Amino acid sequence: MSRINLKDRIHQGLFLLDGAMGTQLFERGLDIGKCNDYQNIEAPDKVLDVHRAYIQAGSDAVLTNTFGANKFTLGRHGLGEMVEKINLAGAQIARKAAGKEKYVLGDIGPSGDFLEPLGTLKPDDLKDAFAQQAKALLKGGVDGFIIETMTAIDEIIVAVEAVKSVTELPVFASMSFGRAGDSFRTMMGVDIETAFAKIVPLGVYAIGFNCGSMSLDDYVELTVKFVAAARGQGKNTMILAEPNAGLPELVNGGTVYKVSPNDFALAAKRIFLAGVKIIGGCCGTSPEHIEAVARTLKI
């Protein structure tokens with residue numbers, strides 16, 4: 001029996017994404033400071049091993065190791081001319097791990113700069129960069145795209161428009177929020193209602209949040225507010241949640257996430273019961289965290 005279309009699958013109960021990639025590569029010997037995305041070329045077996053670990057843990061989809069593989073971010077590593085090669089390889093590796101049964105989402109992260117006048121980027125140049133990345137991921141066989149960890153509304157709009165200019169595959173859009181008093185905002189001041197109002201009309205299949213520096217209780221509260229915003233605006237768009245493994249702690253000069261897989265799974269259950277069916281993990285999460293979520297929610 002052939003696998004159902006991603007557009008249909010995400011409406012059929014829990015759709016479990018994977019967890020962090022960078023920390024998993026570090027555990028497999030990647031030196032801190034190296035370009036994670038270049039490992040698609042330099043150490044493809046390690047990237048493949050991470051993807052397979054998440055698939056074995058119960059992930060329905062894996063994200064390509066291309067979060068920073070746009071020409072601006074790669075350019076800071078002297079790799080600006082390798083956009084197509086790195087993204088193509090990233091998609092092919094993820095596709096190999098996912099096989100015919102699981103799904104692959106092409107991962108697109110922020111450029112690391114701001115659009116004019118706050119920064120130096122011009123909208124057309126940024127759109128071209130994201131479109132270039134999306135074309136290579138599409139060529140590598142992705143089933144859809146996830147644009148994540150965005151903080152500026154103008155950048156995520158450009159990114160969504162860029163991806164949709166080259167494909168009709170589903171696009172998920174995710175911003176990084178932090179607590180702001182009784183509410184939540186991105187680093188650039190974007191609130192939940194603004195995110196919905198500006199992003200949903202672009203035709204995304206899911207909107208949500210990932211990363212941030214919050215407790216698990218904060219992520220659950222953020223979820224509740226996301227669901228309320230969706231209902232308040234009468235939107236049927238799916239919501240996605242990729243929380244970190246709680247608040248990071250500084251241990252011996254390094255960042256450590258101490259939330260256990262079981263505690264993470266219990267928070268994921270609260271997020272699921274609040275109405276979110278697309279769930280994964282961001283910083284600090286591991287295959288063990290995802291396995292715990294799968295064990296808790298895939299009954």
# chains A, B, ... in the order shown; residues from 1 in each chain; ligands from 1
$ select_by_dssp --residues "segment 168-285 of chain A" --states "helix (DSSP H, G or I)" --output "MDAnalysis selection string"
chainID A and resid 192:202 216:232 261:273
$ closest_residue --among "A:Asp124, A:Glu116, A:Glu291, A:Asp107" --to "Ala91 of chain A" --atoms "only C-alpha atoms"
A:Asp107
$ closest_residue --among "A:Val190, A:Ala53, A:Leu6, A:Val160" --to "Lys102 of chain A" --atoms "only C-alpha atoms"
A:Leu6
$ residues_around --residues "Lys135 of chain A" --least-positions-apart "2" --cutoff "9 Å" --atoms "only C-alpha atoms" --output "ChimeraX atom specification"
/A:84,87-88,130-133,137-140,163,166-167
$ residues_around --residues "Ala152 of chain A" --least-positions-apart "3" --cutoff "9 Å" --atoms "only C-alpha atoms" --output "list of chain:residue names"
A:Phe114, A:Glu155, A:Ile156, A:Ile157, A:Met175, A:Thr186, A:Met187, A:Met188, A:Gly189, A:Val190
$ closest_atom_pairs --of "segment 146-263 of chain A" --to "segment 279-286 of chain A" --cutoff "8 Å" --atoms "only C-alpha atoms" --output "tab-separated table"
residue	atom	partner	partner_atom	distance
A:Asn210	CA	A:Cys282	CA	6.4
A:Cys211	CA	A:Cys282	CA	5.6
A:Leu240	CA	A:Ile279	CA	5.8
A:Ala241	CA	A:Ile279	CA	4.9
A:Glu242	CA	A:Gly281	CA	4.5
A:Pro243	CA	A:Gly281	CA	5.3
A:Asn244	CA	A:Cys282	CA	4.6
A:Ala245	CA	A:Gly284	CA	5.1
A:Val256	CA	A:Gly284	CA	7.3
A:Tyr257	CA	A:Gly284	CA	5.3
$ residues_around --residues "Ser59 of chain A" --least-positions-apart "2" --cutoff "7 Å" --atoms "only C-alpha atoms" --output "PyMOL selection string"
chain A and resi 16-18+54-55+57+61-62
$ residues_around --residues "segment 169-172 of chain A" --least-positions-apart "5" --cutoff "8 Å" --atoms "only C-alpha atoms" --output "MDAnalysis selection string"
chainID A and resid 6:7 143:147 160 163:164 204:207
$ select_by_dssp --residues "segment 57-297 of chain A" --states "strand (DSSP E or B)" --output "number ranges by chain"
A: 61-63, 103-108, 115, 121, 144-150, 171-175, 177-180, 183-186, 191, 206-210, 238-242, 248-251, 254-257, 278-279
$ write_last_selection --atoms "C-alpha atoms" --output "compact mmCIF listing (two decimals), in the first residue's frame"
# COMPACT_ATOMS: atom_id res chain seq x y z
CA ALA A 61 9.03 12.81 9.64
CA VAL A 62 12.61 14.00 9.80
CA LEU A 63 13.86 17.51 9.05
CA TYR A 103 8.23 11.83 5.45
CA VAL A 104 10.95 14.42 4.88
CA LEU A 105 10.56 18.14 5.56
CA GLY A 106 13.04 20.52 3.98
CA ASP A 107 14.33 22.67 6.84
CA ILE A 108 14.85 26.40 6.23
CA LEU A 115 15.88 43.21 6.03
CA LEU A 121 19.24 42.54 3.21
CA GLY A 144 7.19 19.42 2.28
CA PHE A 145 8.98 22.33 3.94
CA ILE A 146 9.34 23.74 7.43
CA ILE A 147 10.48 27.33 7.88
CA GLU A 148 11.49 27.62 11.52
CA THR A 149 13.05 29.67 14.32
CA MET A 150 12.06 32.93 12.66
CA VAL A 171 4.75 24.59 3.95
CA PHE A 172 4.93 24.75 7.76
CA ALA A 173 5.88 28.08 9.35
CA SER A 174 7.31 28.38 12.85
CA MET A 175 8.50 31.32 14.92
CA PHE A 177 8.72 32.98 21.04
CA GLY A 178 9.69 33.97 24.55
CA ARG A 179 7.65 35.02 27.54
CA ALA A 180 6.74 38.71 27.65
CA SER A 183 1.96 37.01 26.84
CA PHE A 184 4.57 35.76 24.37
CA ARG A 185 6.55 37.56 21.67
CA THR A 186 9.46 36.85 19.38
CA ASP A 191 2.94 38.44 19.04
CA ALA A 206 0.67 24.67 9.66
CA ILE A 207 1.81 27.52 11.86
CA GLY A 208 3.44 27.30 15.25
CA PHE A 209 6.49 27.69 17.41
CA ASN A 210 9.89 26.16 18.08
CA MET A 238 -2.88 23.19 11.77
CA ILE A 239 -0.67 24.20 14.71
CA LEU A 240 2.80 22.76 15.29
CA ALA A 241 4.92 22.73 18.43
CA GLU A 242 8.64 22.00 18.74
CA PRO A 248 19.01 25.51 29.37
CA GLU A 249 21.54 25.54 32.20
CA LEU A 250 25.18 26.57 32.09
CA VAL A 251 27.40 23.70 33.27
CA GLY A 254 28.52 24.66 28.26
CA THR A 255 24.77 24.72 27.70
CA VAL A 256 22.94 21.70 29.11
CA TYR A 257 19.28 20.74 28.94
CA ILE A 278 2.13 18.22 14.92
CA ILE A 279 4.75 17.85 17.65
$ closest_residue --among "A:Ile86, A:Leu14, A:Ala98, A:Ala134" --to "Tyr38 of chain A" --atoms "only C-alpha atoms"
A:Ile86
$ residues_around --residues "His289 of chain A" --least-positions-apart "5" --cutoff "7 Å" --atoms "only C-alpha atoms" --output "PyMOL selection string"
chain A and resi 261+264-265
$ write_last_selection --atoms "N, CA, C and O atoms" --output "PDB file, in the first residue's frame"
ATOM      1  N   PRO A 261      13.494  12.620  29.250  1.00  0.00           N
ATOM      2  CA  PRO A 261      12.547  12.203  28.207  1.00  0.00           C
ATOM      3  C   PRO A 261      11.126  12.046  28.731  1.00  0.00           C
ATOM      4  O   PRO A 261      10.160  12.441  28.074  1.00  0.00           O
ATOM      5  N   PHE A 264       9.560  15.464  29.314  1.00  0.00           N
ATOM      6  CA  PHE A 264       9.279  16.077  28.024  1.00  0.00           C
ATOM      7  C   PHE A 264       8.015  15.461  27.418  1.00  0.00           C
ATOM      8  O   PHE A 264       7.165  16.166  26.872  1.00  0.00           O
ATOM      9  N   ALA A 265       7.879  14.151  27.522  1.00  0.00           N
ATOM     10  CA  ALA A 265       6.719  13.460  26.972  1.00  0.00           C
ATOM     11  C   ALA A 265       5.430  13.885  27.680  1.00  0.00           C
ATOM     12  O   ALA A 265       4.376  14.020  27.042  1.00  0.00           O
TER      13      ALA A 265
END
$ closest_residue --among "A:Ala159, A:Leu118, A:Val224, A:Met21" --to "Asn70 of chain A" --atoms "only C-alpha atoms"
A:Ala159
$ closest_residue --among "A:Leu222, A:Arg231, A:Arg3, A:Asn236" --to "Ile271 of chain A" --atoms "only C-alpha atoms"
A:Leu222
